[in-house]
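Okay, structure first, notes after.
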Amino acid sequence: MARTKPTAAHLALVRTLKEHGCKSSTTQVERWQQEGWLPKSSSWFEPGSPTIQPHILHRALMVALTVRQGRGIGWTGWHLWASDATPENAQRLRTALVAHLKRPLTRAGVEKVPTGNSDRAFKARQAGATKMLRNRRLPRRDLEETLRAQAAEVGLELPRSPGALPNVFHRALMDPGARLLLGGAEDLGIEELLEALAKAMPDHTEMIENLGDQHREAELAGVNLLAQSPWSQGIPGMVRTVETADDRDLCHAVFTCTLATGVLHEMLRRSAGEPAIFARLTGDVMWRQWAMVGGRTPEGAPGLAAVALNTVQYLLEPDWAAELRRYMSLMHTLGEASPGAPEGGMEV
């Protein structure tokens, strides 16, 4: 079947992109619209003007620079869906987030997580956790030393953090972690978790003992601190959080988490020549509570999974969400104060 003739709007956008050094075709622009990365072309122009609006051009440039042949757009696409907050894009987000939250189950061939307190359900979840860990390669990363090495590269000597977990992928943490993802806090007692932490952090005995004392005191008061974690309901609970979230709340959470990630990536790139920025970023509590464990997203599926987890935490923990917004404001301030910052603030 013959293709339809390109519209004047599509041709105008392609010309404008070319003027900014990005080659694209009308076919690509049409696909970007079909994917929801660009809005309807009727909204591209000011009334009575043939000029593409700056925010539309910015979006198109973002897509053109991010998309690679044969590769997905990654969390940038989620950011664009969230920025429109339409019901259609909210559903796109919901589907994508759920798929990446379920990815460990899918890879392990676990089609359904058994629920309930019966021995049968408990054993089935344990078997599922075992399948999740089968043939899994565990990266041997000391995050604390990695951070110190990065600081040294820009001329900074950071103090050692007594409570930093050297490697979240430590073998001792994998079994309890997998069980937590399958069955939540009910399948994992605090004593088991403390034993695993003691193996992963042998030089932090006092800190682990204090943590145990806090949990036991809370239990005596009728409070289960482990159950208060966003991950306390495991993957099924995280999926429910996404599936039941209000459309606008979901879009707002994804928009904020992806925007913060984009700003962090830019600030880390810039901090290579400006040690003061790196010092401010790493000295903030959110560096360890977010940047080190979910903000510095890697490429591909692991990065998308990190954004999905950030979104769940943003939806479930208002205090953490407020801290992320505060940290993002700090990054914006640092960017605007930087000699190399573009006029009007930092672009993501």
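Convention: chains lettered A, B, ... in structure tokens order; per-chain residue numbering from 1; ligands numbered from 1 as shown.
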
Just asking: which residues within stretch 74-288 of chain A are alpha helix (DSSP H) according to DSSP, as a PyMOL selection string? chain A and resi 75-84+87-101+103-108+119-133+143-153+171-183+190-200+205-220+234-244+247-271+275-283+285-286

Residue neighbourhood stretch 266-268 of chain A, 8 Å, only C-alpha atoms, exclusion window fewer than 6 positions, as a PyMOL selection string: chain A and resi 277-278+331+335+348

Residue subset to file, keeping N, CA, C and O atoms, as a PDB file, in the first residue's frame:
ATOM      1  N   ILE A 277      31.318  20.777  42.862  1.00  0.00           N
ATOM      2  CA  ILE A 277      29.995  20.199  42.601  1.00  0.00           C
ATOM      3  C   ILE A 277      29.951  18.768  43.118  1.00  0.00           C
ATOM      4  O   ILE A 277      28.996  18.360  43.791  1.00  0.00           O
ATOM      5  N   PHE A 278      31.004  18.010  42.828  1.00  0.00           N
ATOM      6  CA  PHE A 278      31.043  16.614  43.273  1.00  0.00           C
ATOM      7  C   PHE A 278      31.001  16.535  44.791  1.00  0.00           C
ATOM      8  O   PHE A 278      30.338  15.678  45.375  1.00  0.00           O
ATOM      9  N   MET A 331      20.730  20.266  42.940  1.00  0.00           N
ATOM     10  CA  MET A 331      21.465  20.053  41.692  1.00  0.00           C
ATOM     11  C   MET A 331      21.222  21.187  40.712  1.00  0.00           C
ATOM     12  O   MET A 331      22.143  21.654  40.032  1.00  0.00           O
ATOM     13  N   GLY A 335      23.987  23.718  39.229  1.00  0.00           N
ATOM     14  CA  GLY A 335      24.131  23.879  37.788  1.00  0.00           C
ATOM     15  C   GLY A 335      24.059  25.328  37.366  1.00  0.00           C
ATOM     16  O   GLY A 335      24.819  25.789  36.506  1.00  0.00           O
ATOM     17  N   VAL A 348      18.063  19.220  30.533  1.00  0.00           N
ATOM     18  CA  VAL A 348      18.185  17.784  30.786  1.00  0.00           C
ATOM     19  C   VAL A 348      17.942  17.032  29.492  1.00  0.00           C
ATOM     20  O   VAL A 348      16.991  17.333  28.796  1.00  0.00           O
TER      21      VAL A 348
END

Which of these, A:Lys123, A:Arg288, A:Arg248, A:Arg325, has the shortest distance to A:Leu93 once you count only C-alpha atoms?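 Going through A:Lys123, A:Arg288, A:Arg248, A:Arg325 one by one, the smallest distance to A:Leu93 is for A:Arg248.
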
Spatial neighbours of A:Gln313, max dist 12 Å, only C-alpha atoms, sep filter under 3 positions, as a PyMOL selection string: chain A and resi 228-232+237-239+241-242+250+253-254+256-257+289-290+294+306-310+316-324

Give me the residues within 10 Å of A:Leu188 as a CSV table (one decimal) with N, CA and C atoms, in the first residue's frame, counting only C-alpha atoms and dropping any in the same chain fewer than 2 places off.
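The resulting file, part15.csv, is reproduced below:
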chain,number,residue,atom,x,y,z
A,176,PRO,N,18.3,-13.9,51.0
A,176,PRO,CA,17.2,-13.1,51.7
A,176,PRO,C,16.6,-12.1,50.8
A,177,GLY,N,17.4,-11.5,49.9
A,177,GLY,CA,16.9,-10.5,49.0
A,177,GLY,C,15.9,-11.1,48.0
A,178,ALA,N,16.2,-12.3,47.5
A,178,ALA,CA,15.2,-12.9,46.6
A,178,ALA,C,13.9,-13.3,47.3
A,179,ARG,N,14.1,-13.8,48.5
A,179,ARG,CA,12.9,-14.2,49.3
A,179,ARG,C,12.0,-13.0,49.6
A,180,LEU,N,12.7,-11.8,49.9
A,180,LEU,CA,12.0,-10.6,50.2
A,180,LEU,C,11.2,-10.1,48.9
A,181,LEU,N,11.8,-10.3,47.8
A,181,LEU,CA,11.1,-9.9,46.5
A,181,LEU,C,9.9,-10.8,46.2
A,183,GLY,N,8.2,-12.9,48.7
A,183,GLY,CA,7.2,-13.0,49.7
A,183,GLY,C,7.0,-11.9,50.6
A,184,GLY,N,7.9,-10.8,50.4
A,184,GLY,CA,7.8,-9.7,51.3
A,184,GLY,C,8.3,-9.9,52.7
A,185,ALA,N,8.1,-9.0,53.5
A,185,ALA,CA,8.6,-9.0,54.9
A,185,ALA,C,8.1,-10.2,55.7
A,186,GLU,N,6.9,-10.7,55.4
A,186,GLU,CA,6.4,-11.9,56.1
A,186,GLU,C,7.2,-13.1,55.9
A,190,ILE,N,13.7,-10.4,60.7
A,190,ILE,CA,14.8,-9.5,60.9
A,190,ILE,C,16.1,-10.2,61.3
A,191,GLU,N,16.0,-11.3,62.0
A,191,GLU,CA,17.2,-12.0,62.4
A,191,GLU,C,18.0,-12.5,61.3
A,192,GLU,N,17.2,-13.1,60.3
A,192,GLU,CA,17.9,-13.6,59.1
A,192,GLU,C,18.6,-12.5,58.3
A,193,LEU,N,17.9,-11.3,58.2
A,193,LEU,CA,18.5,-10.2,57.5
A,193,LEU,C,19.8,-9.7,58.2
A,226,LEU,N,10.6,-3.6,59.5
A,226,LEU,CA,10.8,-4.2,58.2
A,226,LEU,C,9.6,-4.1,57.3
A,227,ALA,N,8.4,-4.2,57.9
A,227,ALA,CA,7.2,-4.1,57.1
A,227,ALA,C,6.9,-2.7,56.6
A,232,SER,N,8.4,-4.1,51.4
A,232,SER,CA,7.9,-5.1,52.3
A,232,SER,C,6.9,-6.1,51.8

Which of A:Ala245, A:Ala127, A:Met286, A:Leu315 sits closest to A:Gly109 [using only C-alpha atoms]: A:Ala127

Set out as a tab-separated table a contact list for stretch 248-293 of chain A and stretch 61-82 of chain A with a cut-off of 6 Å, giving each residue of stretch 248-293 of chain A that qualifies its closest atom pair and distance in Å to one decimal, counting only C-alpha atoms, ordered by chain and rising residue number.
residue	atom	partner	partner_atom	distance
A:Cys251	CA	A:Ala82	CA	4.4
A:Phe255	CA	A:Ala82	CA	5.2
A:Thr258	CA	A:His79	CA	5.8

Selected residues written out with all heavy atoms, as a PDB file, in the first residue's frame:
ATOM      1  N   CYS A 251       2.133   9.563  36.713  1.00  0.00           N
ATOM      2  CA  CYS A 251       2.903  10.372  35.762  1.00  0.00           C
ATOM      3  C   CYS A 251       3.815  11.354  36.493  1.00  0.00           C
ATOM      4  O   CYS A 251       4.965  11.565  36.097  1.00  0.00           O
ATOM      5  CB  CYS A 251       1.962  11.115  34.816  1.00  0.00           C
ATOM      6  SG  CYS A 251       1.130  10.047  33.605  1.00  0.00           S
ATOM      7  N   PHE A 255       7.777  11.323  36.096  1.00  0.00           N
ATOM      8  CA  PHE A 255       8.369  12.565  35.583  1.00  0.00           C
ATOM      9  C   PHE A 255       9.466  13.060  36.519  1.00  0.00           C
ATOM     10  O   PHE A 255      10.573  13.392  36.089  1.00  0.00           O
ATOM     11  CB  PHE A 255       7.285  13.634  35.431  1.00  0.00           C
ATOM     12  CG  PHE A 255       7.799  14.940  34.892  1.00  0.00           C
ATOM     13  CD1 PHE A 255       7.934  15.135  33.524  1.00  0.00           C
ATOM     14  CD2 PHE A 255       8.165  15.966  35.747  1.00  0.00           C
ATOM     15  CE1 PHE A 255       8.433  16.340  33.020  1.00  0.00           C
ATOM     16  CE2 PHE A 255       8.656  17.164  35.255  1.00  0.00           C
ATOM     17  CZ  PHE A 255       8.788  17.356  33.886  1.00  0.00           C
ATOM     18  N   THR A 258      12.597  10.502  36.636  1.00  0.00           N
ATOM     19  CA  THR A 258      13.415  10.541  35.414  1.00  0.00           C
ATOM     20  C   THR A 258      14.105  11.885  35.255  1.00  0.00           C
ATOM     21  O   THR A 258      15.257  11.954  34.811  1.00  0.00           O
ATOM     22  CB  THR A 258      12.564  10.237  34.175  1.00  0.00           C
ATOM     23  OG1 THR A 258      11.396  11.099  34.152  1.00  0.00           O
ATOM     24  CG2 THR A 258      12.111   8.792  34.158  1.00  0.00           C
TER      25      THR A 258
END

Which is closest to A:Gln28 among A:Ala152, A:Val113, A:Val263, A:Ala60, if we use only C-alpha atoms? A:Ala60

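Rounded to one decimal, atom CA of A:Ala260 and atom CA of A:Arg240 lie 24.0 Å from each other.
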
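Minimum atom-to-atom distances from A:Leu182, A:Leu97, A:Leu17, A:Ala85 to A:Gln126 were compared using only C-alpha atoms, and the lowest value belongs to A:Leu182.
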
Which residues come within 10 Å of A:Leu264, counting only C-alpha atoms, excluding same-chain residues fewer than 5 positions away, as a list in words? Thr258, Leu259, Arg269, Arg270, Leu281, Ala291, Gly295, Arg296, Thr297, Tyr327, Met328, Met331, His332 and Val348 of chain A
